[in-house]
Each structure stands twice: as C-alpha cells, then as structure tokens.
Amino acid sequence: MLNRLQHNGVWHAMIDLTDYECGGKSPKHYKRDLERLQARLERIHVAHIEHDAHAVIMVEGWDAAGKGGMIERMTAGWDQRHFEVYPIGAPTAEEKRHDYLWRFRIHLPPPREITVFDRSWYGRVLVERVEGFASEAEWQRAYDEINAFEAEIQAMGITLVKLFVHITQDEQDKRLAKRLDNPWKRWKTGAEDYRNRAKRDEYCAAMHDMFAQTDTENAPWFVVAGNDKKSARIAALTHVADTLEAAVDMNPPPRDPAVVALAQAAFGYEPKD
C-alpha cells in the first residue's frame with residue numbers, strides 16, 4: 001500500500017512496514033557478496049580516517065531482528081581505534097539527570113571516527129511511549145526535538161545513516177524460541193521481550209508515527225526486510241556503504257616522501273607503482 005506524506009511542500013512515499021514482510025531469499029553467493037562488502041566498508045573506513053570524515057550509523061528494529069549480527073559484520077574490518085559501538089539500554093542514574101538526547105550527544109564521533117548506535121534516541125517515541133515511561137506531551141514533543149538533533153548532527157559535518165530492521169511476528173517467535181533452546185544464547189532473551197511482544201500493535205502504531213514524523217529528506221530511514229538474515233545483512237551493509245562512500249573522498253593518500261626515504265634507507269624499499 002502506497003501512502004504519501006508531505007515534507008516542506010514536497011510529497012514523499014510514506015513507509016509502510018507491511019511492504020517489508022515478504023522477507024527475501026538468501027543470496028546465492030552470500031559469502032562472496034559479504035566479503036566484497038566488508039572489503040569495501042574497510043576502504044570506506046580508511047577514507048574516513050585519512051580525510052577527517054565522521055559518521056553515525058543508527059540501527060533500530062524489533063527484538064531479535066538481527067541488529068547485533070548486522071553490526072558485527074559491518075564493522076568486522078574496521079580499525080578498532082576509530083569506531084565505537086554503543087548498545088543502548090535503559091538509561092543509567094547519571095543519564096537520567098540529563099535530557100534524553102544527552103547520552104547520544106556525548107558519543108557523537110569526532111573527525112576520523114564512526115559511531116554505531118545499537119538502538120537510539122528513537123526510544124523516546126517507541127518504548128518510552130508504549131510503556132508509559134514518557135508522558136504523551138514528552139513523546140509528542142520529541143519528534144521535533146529528534147529532527148532538530150539530527151539536523152544538528154549533519155550541521156557538524158557528520159554523515160547520518162538510519163536503519164530499521166523489520167521482521168514478522170512469526171519470525172520473531174522462531175528466533176526467541178531458538179534463543180531459549182540454545183544454552184549460550186538464553187542470556188539474550190528475557191521477560192522484556194515478551195512484554196514488548198504482547199504490545200506489537202501498539203509498537204506498530206508508534207513506528208508508523210515515527211516514520212511519518214522523522215523520515216525526512218535530509219535524514220531518511222532505510223527499512224530492511226529482516227526475515228532472512230543473510231539478505232538483510234547484504235541490504236543493510238550495501239546501504240551503509242553507498243551512503244558513507246558518497247560522503248567521503250575515496251581517493252587514497254599519496255605516499256609520504258619522508259616515510260618513503262626512511263623505508264629506502266632501512267630496507268631498500270622501491271615503490272611498486
């Protein structure tokens with residue numbers, strides 16, 4: 001179903017999660033495609049380091065949607081000195097003493113670094129709205145606050161990528177059952193997953209409003225059909241690579257003549273090209 005929404009006088013297609021429930025078949029050459037994407041992402045990360053670029057990648061989605069595995073594969077080739085992954089849970093006592101955006105603002109990346117948020121500031125209009133942790137006035141006000149925060153991020157020259165991983169209820173149930181059956185994954189599921197599951201309709205309504213209010217021209221959402229983990233990873237990593245690559249100079253730096261001279265003196269180095 002195609003809905004439309006007006007932003008700044010321009011009509012856009014509005015995100016409908018039912019469009020992302022058919023899933024997708026696992027890529028025929030998944031391992032090859034993944035390795036190529038990881039090599040590409042590694043070069044993109046080096047370009048960010050070399051050219052003082054910075055980016056924020058924000059991953060939202062249902063419980064058991066595969067966000068962690070997606071992030072693990074996305075960052076596999078990155079230099080650990082120049083990126084951070086922040087898993088977002090309930091705010092700490094310190095974080096509660098500040099406004100809800102503070103704990104994200106303090107982790108925005110400086111030049112040469114990439115920050116990945118596993119869940120995000122959208123908790124204010126999702127879990128906090130549905131579970132009553134925020135008043136209606138607070139979560140209604142948050143749409144404008146979030147749009148302003150994202151504009152602030154981009155005004156700093158930071159590239160922003162917003163991913164949402166969608167899975168059906170049947171697929172989520174299968175994954176929750178697998179976690180219970182695997183003794184080394186039971187720690188990943190608890191009562192909170194079932195509390196959220198029981199309110200799926202309310203979460204879907206909150207997500208609908210979230211997309212309607214925050215899928216903007218400058219900070220668009222990219223929804224990933226997540227029922228098939230392999231195709232979801234390829235889709236998400238491709239979008240991240242495309243977005244980051246478009247925002248950074250991908251020309252590698254030339255050799256430093258001083259370092260070349262040192263290498264020549266040390267072991268007779270001769271450039272190969």
# chains A, B, ... in the order shown; residues from 1 in each chain; ligands from 1
>>> residues_around(residues="Trp187 of chain A", least_positions_apart="6", cutoff="12 Å", atoms="only C-alpha atoms", output="ChimeraX atom specification")
/A:176,178-181,193
>>> write_last_selection(atoms="N, CA and C atoms", output="PDB file, in the first residue's frame")
ATOM      1  N   LEU A 176      13.110 -16.171  19.077  1.00  0.00           N
ATOM      2  CA  LEU A 176      13.054 -16.210  20.537  1.00  0.00           C
ATOM      3  C   LEU A 176      13.113 -17.649  21.039  1.00  0.00           C
ATOM      4  N   LYS A 178      14.583 -20.166  19.513  1.00  0.00           N
ATOM      5  CA  LYS A 178      15.948 -20.643  19.314  1.00  0.00           C
ATOM      6  C   LYS A 178      16.868 -20.161  20.436  1.00  0.00           C
ATOM      7  N   ARG A 179      16.643 -18.946  20.876  1.00  0.00           N
ATOM      8  CA  ARG A 179      17.459 -18.433  21.980  1.00  0.00           C
ATOM      9  C   ARG A 179      17.229 -19.230  23.256  1.00  0.00           C
ATOM     10  N   LEU A 180      15.979 -19.585  23.503  1.00  0.00           N
ATOM     11  CA  LEU A 180      15.690 -20.387  24.695  1.00  0.00           C
ATOM     12  C   LEU A 180      16.285 -21.779  24.588  1.00  0.00           C
ATOM     13  N   ASP A 181      16.327 -22.324  23.380  1.00  0.00           N
ATOM     14  CA  ASP A 181      16.844 -23.675  23.180  1.00  0.00           C
ATOM     15  C   ASP A 181      18.368 -23.737  23.226  1.00  0.00           C
ATOM     16  N   ASP A 193      11.337  -9.012  26.427  1.00  0.00           N
ATOM     17  CA  ASP A 193      10.995  -9.376  25.050  1.00  0.00           C
ATOM     18  C   ASP A 193       9.519  -9.738  24.936  1.00  0.00           C
TER      19      ASP A 193
END
>>> residues_around(residues="Trp78 of chain A", least_positions_apart="6", cutoff="10 Å", atoms="only C-alpha atoms", output="JSON list (two decimals) with C-alpha atoms, in the first residue's frame")
[["chain", "number", "residue", "atom", "x", "y", "z"],
["A", 38, "GLN", "CA", 33.32, -5.92, 4.06],
["A", 39, "ALA", "CA", 36.38, -5.12, 1.93],
["A", 41, "LEU", "CA", 33.50, -0.95, 4.01],
["A", 42, "GLU", "CA", 37.09, -1.33, 5.20],
["A", 43, "ARG", "CA", 38.28, 1.03, 2.44],
["A", 44, "ILE", "CA", 35.49, 3.46, 3.27],
["A", 45, "HIS", "CA", 36.53, 3.44, 6.93],
["A", 46, "VAL", "CA", 40.14, 4.15, 5.96],
["A", 114, "ILE", "CA", 32.43, 6.38, 13.16]]
>>> closest_residue(among="A:Trp139, A:Ala47, A:Leu34, A:Trp102", to="His82 of chain A", atoms="only C-alpha atoms")
A:Ala47
>>> residues_around(residues="segment 266-273 of chain A", least_positions_apart="3", cutoff="12 Å", atoms="only C-alpha atoms", output="VMD selection string")
chain A and resid 254 to 257 259 to 263
>>> write_last_selection(atoms="C-alpha atoms", output="JSON list (two decimals), in the first residue's frame")
[["chain", "number", "residue", "atom", "x", "y", "z"],
["A", 254, "PRO", "CA", 49.86, 9.56, -1.75],
["A", 255, "ARG", "CA", 52.96, 8.11, -0.16],
["A", 256, "ASP", "CA", 54.69, 10.43, 2.28],
["A", 257, "PRO", "CA", 58.09, 11.18, 0.69],
["A", 259, "VAL", "CA", 58.46, 7.87, 5.02],
["A", 260, "VAL", "CA", 59.49, 6.54, 1.60],
["A", 261, "ALA", "CA", 63.01, 7.84, 2.21],
["A", 262, "LEU", "CA", 63.12, 6.14, 5.61],
["A", 263, "ALA", "CA", 61.95, 2.84, 4.10]]
